[in-house]
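Source file: input_36.tsv (TSV, N, CA, C and O atoms)
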chain	number	residue	atom	x	y	z
O	1	MET	N	-6.16	44.12	-22.71
O	1	MET	CA	-5.56	42.88	-22.28
O	1	MET	C	-5.65	41.89	-23.44
O	1	MET	O	-6.55	41.95	-24.26
O	2	HIS	N	-4.73	40.96	-23.43
O	2	HIS	CA	-4.75	39.93	-24.46
O	2	HIS	C	-5.84	38.90	-24.16
O	2	HIS	O	-6.70	38.62	-24.98
O	3	TYR	N	-5.81	38.36	-22.98
O	3	TYR	CA	-6.79	37.37	-22.54
O	3	TYR	C	-7.88	38.04	-21.71
O	3	TYR	O	-7.66	39.11	-21.15
O	4	PRO	N	-9.04	37.41	-21.57
O	4	PRO	CA	-10.07	38.00	-20.72
O	4	PRO	C	-9.61	38.02	-19.26
O	4	PRO	O	-8.92	37.10	-18.82
O	5	PRO	N	-9.99	39.05	-18.51
O	5	PRO	CA	-9.55	39.15	-17.12
O	5	PRO	C	-10.35	38.27	-16.17
O	5	PRO	O	-9.95	38.05	-15.04
O	6	PHE	N	-11.51	37.77	-16.61
O	6	PHE	CA	-12.33	36.91	-15.76
O	6	PHE	C	-12.27	35.48	-16.27
O	6	PHE	O	-11.76	35.22	-17.36
O	7	ASP	N	-12.80	34.55	-15.50
O	7	ASP	CA	-12.74	33.15	-15.92
O	7	ASP	C	-13.85	32.83	-16.92
O	7	ASP	O	-14.65	33.70	-17.28
O	8	LYS	N	-13.90	31.59	-17.39
O	8	LYS	CA	-14.86	31.24	-18.44
O	8	LYS	C	-16.31	31.27	-17.98
O	8	LYS	O	-17.22	31.16	-18.79
O	9	PHE	N	-16.53	31.43	-16.69
O	9	PHE	CA	-17.87	31.56	-16.15
O	9	PHE	C	-18.17	33.01	-15.77
O	9	PHE	O	-19.12	33.29	-15.05
O	10	ASN	N	-17.33	33.95	-16.25
O	10	ASN	CA	-17.42	35.39	-15.94
O	10	ASN	C	-17.32	35.67	-14.45
O	10	ASN	O	-17.89	36.63	-13.94
O	11	GLN	N	-16.59	34.84	-13.75
O	11	GLN	CA	-16.38	35.01	-12.31
O	11	GLN	C	-15.10	35.83	-12.08
O	11	GLN	O	-14.19	35.81	-12.89
O	12	PRO	N	-15.03	36.55	-10.97
O	12	PRO	CA	-13.87	37.39	-10.67
O	12	PRO	C	-12.58	36.59	-10.57
O	12	PRO	O	-12.57	35.41	-10.24
O	13	THR	N	-11.50	37.28	-10.90
O	13	THR	CA	-10.15	36.72	-10.77
O	13	THR	C	-9.27	37.79	-10.11
O	13	THR	O	-9.73	38.90	-9.84
O	14	VAL	N	-8.01	37.46	-9.92
O	14	VAL	CA	-7.08	38.45	-9.38
O	14	VAL	C	-7.00	39.66	-10.31
O	14	VAL	O	-6.85	40.79	-9.84
O	15	PHE	N	-7.18	39.45	-11.62
O	15	PHE	CA	-7.12	40.57	-12.56
O	15	PHE	C	-8.33	41.50	-12.41
O	15	PHE	O	-8.18	42.72	-12.40
O	16	THR	N	-9.52	40.94	-12.29
O	16	THR	CA	-10.70	41.80	-12.14
O	16	THR	C	-10.64	42.56	-10.82
O	16	THR	O	-11.06	43.72	-10.75
O	17	LYS	N	-10.10	41.94	-9.81
O	17	LYS	CA	-9.97	42.64	-8.52
O	17	LYS	C	-9.01	43.82	-8.62
O	17	LYS	O	-9.26	44.89	-8.08
O	18	LEU	N	-7.90	43.64	-9.35
O	18	LEU	CA	-6.95	44.75	-9.56
O	18	LEU	C	-7.58	45.85	-10.42
O	18	LEU	O	-7.40	47.04	-10.15
O	19	ILE	N	-8.29	45.45	-11.45
O	19	ILE	CA	-8.95	46.42	-12.33
O	19	ILE	C	-9.92	47.28	-11.52
O	19	ILE	O	-9.95	48.51	-11.66
O	20	GLU	N	-10.70	46.66	-10.67
O	20	GLU	CA	-11.65	47.40	-9.83
O	20	GLU	C	-10.93	48.24	-8.78
O	20	GLU	O	-11.32	49.39	-8.52
O	21	LYS	N	-9.87	47.69	-8.20
O	21	LYS	CA	-9.11	48.43	-7.18
O	21	LYS	C	-8.57	49.74	-7.72
O	21	LYS	O	-8.58	50.76	-7.04
O	22	TYR	N	-8.09	49.72	-8.97
O	22	TYR	CA	-7.50	50.91	-9.56
O	22	TYR	C	-8.48	51.69	-10.44
O	22	TYR	O	-8.09	52.57	-11.20
O	23	SER	N	-9.77	51.38	-10.31
O	23	SER	CA	-10.87	52.15	-10.90
O	23	SER	C	-10.79	52.31	-12.42
O	23	SER	O	-11.06	53.39	-12.95
O	24	ALA	N	-10.45	51.24	-13.12
O	24	ALA	CA	-10.49	51.30	-14.58
O	24	ALA	C	-11.94	51.43	-15.02
O	24	ALA	O	-12.84	50.85	-14.42
O	25	ASP	N	-12.17	52.22	-16.06
O	25	ASP	CA	-13.51	52.38	-16.60
O	25	ASP	C	-13.80	51.35	-17.69
O	25	ASP	O	-14.91	50.85	-17.81
O	26	ILE	N	-12.77	51.08	-18.51
O	26	ILE	CA	-12.92	50.22	-19.68
O	26	ILE	C	-11.77	49.23	-19.74
O	26	ILE	O	-10.62	49.59	-19.48
O	27	VAL	N	-12.07	47.99	-20.08
O	27	VAL	CA	-11.06	46.97	-20.34
O	27	VAL	C	-11.38	46.34	-21.69
O	27	VAL	O	-12.51	45.96	-21.95
O	28	VAL	N	-10.38	46.27	-22.56
O	28	VAL	CA	-10.53	45.70	-23.89
O	28	VAL	C	-9.70	44.42	-23.94
O	28	VAL	O	-8.54	44.41	-23.54
O	29	PHE	N	-10.31	43.35	-24.41
O	29	PHE	CA	-9.58	42.08	-24.55
O	29	PHE	C	-10.06	41.37	-25.79
O	29	PHE	O	-11.09	41.69	-26.35
O	30	GLY	N	-9.26	40.40	-26.26
O	30	GLY	CA	-9.65	39.77	-27.51
O	30	GLY	C	-9.29	38.33	-27.70
O	30	GLY	O	-9.89	37.66	-28.52
O	31	HIS	N	-8.34	37.79	-27.02
O	31	HIS	CA	-7.88	36.44	-27.31
O	31	HIS	C	-8.73	35.40	-26.60
O	31	HIS	O	-8.65	35.25	-25.39
O	32	LEU	N	-9.53	34.69	-27.36
O	32	LEU	CA	-10.36	33.65	-26.77
O	32	LEU	C	-10.38	32.43	-27.68
O	32	LEU	O	-10.62	32.54	-28.87
O	33	HIS	N	-10.17	31.28	-27.09
O	33	HIS	CA	-10.36	30.01	-27.79
O	33	HIS	C	-11.32	29.20	-26.94
O	33	HIS	O	-11.06	28.95	-25.77
O	34	GLY	N	-12.46	28.84	-27.50
O	34	GLY	CA	-13.41	28.03	-26.77
O	34	GLY	C	-14.41	28.81	-25.93
O	34	GLY	O	-15.28	28.22	-25.32
O	35	TYR	N	-14.30	30.13	-25.89
O	35	TYR	CA	-15.30	30.94	-25.17
O	35	TYR	C	-16.44	31.22	-26.15
O	35	TYR	O	-16.29	31.98	-27.08
O	36	VAL	N	-17.54	30.59	-25.95
O	36	VAL	CA	-18.67	30.83	-26.85
O	36	VAL	C	-19.75	31.66	-26.17
O	36	VAL	O	-20.64	32.17	-26.82
O	37	ASN	N	-19.69	31.80	-24.86
O	37	ASN	CA	-20.73	32.52	-24.11
O	37	ASN	C	-20.26	33.89	-23.65
O	37	ASN	O	-20.77	34.41	-22.68
O	38	CYS	N	-19.33	34.47	-24.33
O	38	CYS	CA	-18.79	35.76	-23.91
O	38	CYS	C	-19.55	36.89	-24.63
O	38	CYS	O	-19.65	36.90	-25.85
O	39	ASP	N	-20.08	37.83	-23.85
O	39	ASP	CA	-20.77	38.98	-24.42
O	39	ASP	C	-19.75	39.92	-25.05
O	39	ASP	O	-18.63	40.07	-24.55
O	40	LEU	N	-20.15	40.60	-26.12
O	40	LEU	CA	-19.25	41.56	-26.75
O	40	LEU	C	-18.99	42.74	-25.84
O	40	LEU	O	-17.89	43.27	-25.79
O	41	VAL	N	-20.01	43.16	-25.10
O	41	VAL	CA	-19.88	44.25	-24.13
O	41	VAL	C	-20.58	43.82	-22.86
O	41	VAL	O	-21.72	43.36	-22.89
O	42	SER	N	-19.89	43.95	-21.74
O	42	SER	CA	-20.52	43.64	-20.46
O	42	SER	C	-20.04	44.64	-19.42
O	42	SER	O	-18.96	45.22	-19.54
O	43	ASN	N	-20.86	44.84	-18.42
O	43	ASN	CA	-20.49	45.73	-17.32
O	43	ASN	C	-20.54	44.91	-16.04
O	43	ASN	O	-21.58	44.39	-15.67
O	44	ILE	N	-19.39	44.81	-15.40
O	44	ILE	CA	-19.27	44.03	-14.18
O	44	ILE	C	-18.68	44.94	-13.11
O	44	ILE	O	-17.57	45.45	-13.26
O	45	ASN	N	-19.44	45.17	-12.07
O	45	ASN	CA	-19.01	46.02	-10.94
O	45	ASN	C	-18.49	47.38	-11.39
O	45	ASN	O	-17.49	47.88	-10.90
O	46	GLY	N	-19.19	47.98	-12.36
O	46	GLY	CA	-18.85	49.33	-12.79
O	46	GLY	C	-17.76	49.43	-13.84
O	46	GLY	O	-17.41	50.52	-14.26
O	47	VAL	N	-17.22	48.31	-14.28
O	47	VAL	CA	-16.18	48.29	-15.32
O	47	VAL	C	-16.81	47.75	-16.60
O	47	VAL	O	-17.45	46.70	-16.59
O	48	THR	N	-16.64	48.47	-17.71
O	48	THR	CA	-17.16	48.00	-18.98
O	48	THR	C	-16.06	47.20	-19.68
O	48	THR	O	-14.95	47.68	-19.87
O	49	TYR	N	-16.40	45.96	-20.03
O	49	TYR	CA	-15.47	45.05	-20.69
O	49	TYR	C	-15.90	44.88	-22.15
O	49	TYR	O	-17.06	44.62	-22.44
O	50	TYR	N	-14.93	45.06	-23.07
O	50	TYR	CA	-15.19	44.91	-24.49
O	50	TYR	C	-14.41	43.72	-25.02
O	50	TYR	O	-13.18	43.68	-24.91
O	51	PHE	N	-15.12	42.77	-25.61
O	51	PHE	CA	-14.51	41.61	-26.24
O	51	PHE	C	-14.36	41.94	-27.71
O	51	PHE	O	-15.34	42.06	-28.44
O	52	THR	N	-13.13	42.12	-28.19
O	52	THR	CA	-12.88	42.65	-29.52
O	52	THR	C	-12.17	41.68	-30.45
O	52	THR	O	-11.56	42.10	-31.43
O	53	SER	N	-12.26	40.39	-30.19
O	53	SER	CA	-11.63	39.41	-31.06
O	53	SER	C	-12.22	39.53	-32.47
O	53	SER	O	-13.44	39.50	-32.65
O	54	CYS	N	-11.36	39.69	-33.46
O	54	CYS	CA	-11.81	39.95	-34.83
O	54	CYS	C	-12.73	38.87	-35.37
O	54	CYS	O	-13.67	39.17	-36.10
O	55	ASP	N	-12.49	37.61	-35.02
O	55	ASP	CA	-13.36	36.57	-35.56
O	55	ASP	C	-14.77	36.66	-34.97
O	55	ASP	O	-15.74	36.32	-35.64
O	56	HIS	N	-14.91	37.16	-33.77
O	56	HIS	CA	-16.23	37.29	-33.17
O	56	HIS	C	-16.96	38.57	-33.57
O	56	HIS	O	-18.18	38.60	-33.63
O	57	ILE	N	-16.21	39.62	-33.84
O	57	ILE	CA	-16.86	40.88	-34.27
O	57	ILE	C	-16.88	41.01	-35.78
O	57	ILE	O	-17.32	42.01	-36.32
O	58	LYS	N	-16.38	39.97	-36.46
O	58	LYS	CA	-16.36	39.92	-37.92
O	58	LYS	C	-15.65	41.13	-38.53
O	58	LYS	O	-16.09	41.71	-39.51
O	59	ASN	N	-14.56	41.53	-37.87
O	59	ASN	CA	-13.73	42.66	-38.31
O	59	ASN	C	-14.50	43.97	-38.43
O	59	ASN	O	-14.11	44.86	-39.16
O	60	ASP	N	-15.59	44.10	-37.70
O	60	ASP	CA	-16.37	45.33	-37.67
O	60	ASP	C	-15.99	46.08	-36.40
O	60	ASP	O	-16.31	45.64	-35.30
O	61	PRO	N	-15.29	47.22	-36.53
O	61	PRO	CA	-14.80	47.92	-35.34
O	61	PRO	C	-15.89	48.25	-34.33
O	61	PRO	O	-17.04	48.51	-34.68
O	62	ILE	N	-15.50	48.24	-33.07
O	62	ILE	CA	-16.40	48.56	-31.97
O	62	ILE	C	-16.03	49.93	-31.43
O	62	ILE	O	-14.87	50.21	-31.16
O	63	LEU	N	-17.03	50.81	-31.30
O	63	LEU	CA	-16.81	52.13	-30.73
O	63	LEU	C	-16.63	51.99	-29.21
O	63	LEU	O	-17.51	51.48	-28.52
O	64	LEU	N	-15.48	52.41	-28.73
O	64	LEU	CA	-15.19	52.30	-27.29
O	64	LEU	C	-15.53	53.58	-26.54
O	64	LEU	O	-15.85	53.53	-25.35
O	65	TYR	N	-15.43	54.70	-27.21
O	65	TYR	CA	-15.62	55.97	-26.51
O	65	TYR	C	-15.97	57.05	-27.54
O	65	TYR	O	-15.40	57.10	-28.61
O	66	GLU	N	-16.92	57.89	-27.19
O	66	GLU	CA	-17.29	59.01	-28.05
O	66	GLU	C	-16.86	60.30	-27.43
O	66	GLU	O	-16.92	60.50	-26.27
Now, as a test, write the supplied structure out as structure tokens.
Amino acid sequence: MHYPPFDKFNQPTVFTKLIEKYSADIVVFGHLHGYVNCDLVSNINGVTYYFTSCDHIKNDPILLYE
């Protein structure tokens, strides 16, 4: 996803509900302006979310799956 699926307080949204409904394992997102409290990797209700914005990961790739 381009934007994070949850709100700035990491609370559920219509997107997180759809993601959980259709049993996604991983969600990758990156576009954030003003989110300073976002974890690079988080697990919410069984879904692993990866925040991959280049400025926050300092262009160091993140392993999503082995």
Please provide as a list in words all residues within 8 Å of Leu64 of chain O, with the sequence filter that same-chain residues fewer than 3 positions apart are discarded (counting only N, CA, C and O atoms).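 So, after excluding close chain neighbours, the residues are Ile26, Tyr50 and Pro61 of chain O.
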Could you jot down the atom CA of Ala24 of chain O to atom CA of His56 of chain O separation for me, Å, one decimal place?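 Calculated distance between atom CA of Ala24 of chain O and atom CA of His56 of chain O is 24.0 Å.
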Quick one: residues within 7 Å of Met1 of chain O, all atoms listed in the file counted, chain neighbours fewer than 3 positions away excluded, as a VMD selection string? chain O and resid 4 to 5 27 to 31 50
In chain O, what's strand (DSSP E or B) per DSSP? Answer as a ChimeraX atom specification? /O:26-29,41-44,47-51
Would you list, as a CSV table (one decimal) with N, CA, C and O atoms, keeping the file's coordinate frame, the residues of chain O that end up in helix (DSSP H, G or I) under DSSP run on this structure's backbone?
chain,number,residue,atom,x,y,z
O,14,VAL,N,-8.0,37.5,-9.9
O,14,VAL,CA,-7.1,38.4,-9.4
O,14,VAL,C,-7.0,39.7,-10.3
O,14,VAL,O,-6.8,40.8,-9.8
O,15,PHE,N,-7.2,39.4,-11.6
O,15,PHE,CA,-7.1,40.6,-12.6
O,15,PHE,C,-8.3,41.5,-12.4
O,15,PHE,O,-8.2,42.7,-12.4
O,16,THR,N,-9.5,40.9,-12.3
O,16,THR,CA,-10.7,41.8,-12.1
O,16,THR,C,-10.6,42.6,-10.8
O,16,THR,O,-11.1,43.7,-10.8
O,17,LYS,N,-10.1,41.9,-9.8
O,17,LYS,CA,-10.0,42.6,-8.5
O,17,LYS,C,-9.0,43.8,-8.6
O,17,LYS,O,-9.3,44.9,-8.1
O,18,LEU,N,-7.9,43.6,-9.4
O,18,LEU,CA,-7.0,44.8,-9.6
O,18,LEU,C,-7.6,45.8,-10.4
O,18,LEU,O,-7.4,47.0,-10.2
O,19,ILE,N,-8.3,45.4,-11.4
O,19,ILE,CA,-9.0,46.4,-12.3
O,19,ILE,C,-9.9,47.3,-11.5
O,19,ILE,O,-10.0,48.5,-11.7
O,20,GLU,N,-10.7,46.7,-10.7
O,20,GLU,CA,-11.6,47.4,-9.8
O,20,GLU,C,-10.9,48.2,-8.8
O,20,GLU,O,-11.3,49.4,-8.5
O,21,LYS,N,-9.9,47.7,-8.2
O,21,LYS,CA,-9.1,48.4,-7.2
O,21,LYS,C,-8.6,49.7,-7.7
O,21,LYS,O,-8.6,50.8,-7.0
O,54,CYS,N,-11.4,39.7,-33.5
O,54,CYS,CA,-11.8,40.0,-34.8
O,54,CYS,C,-12.7,38.9,-35.4
O,54,CYS,O,-13.7,39.2,-36.1
O,55,ASP,N,-12.5,37.6,-35.0
O,55,ASP,CA,-13.4,36.6,-35.6
O,55,ASP,C,-14.8,36.7,-35.0
O,55,ASP,O,-15.7,36.3,-35.6
O,56,HIS,N,-14.9,37.2,-33.8
O,56,HIS,CA,-16.2,37.3,-33.2
O,56,HIS,C,-17.0,38.6,-33.6
O,56,HIS,O,-18.2,38.6,-33.6
O,57,ILE,N,-16.2,39.6,-33.8
O,57,ILE,CA,-16.9,40.9,-34.3
O,57,ILE,C,-16.9,41.0,-35.8
O,57,ILE,O,-17.3,42.0,-36.3
Could you state the separation of atom N of Lys17 of chain O and atom C of Asp60 of chain O in Å, given to one decimal place?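 Separation of atom N of Lys17 of chain O and atom C of Asp60 of chain O: 27.5 Å.
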Report, in Å to a single decimal, how far apart atom CA of Tyr49 of chain O and atom CA of Asp25 of chain O are.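 These atoms are spaced 8.6 Å apart.
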Residue nearest Lys8 of chain O among O:Cys54, O:Cys38, O:Ile44, O:Lys21 (counting all atoms listed in the file):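 Under the stated criterion, the closest residue is O:Cys38.
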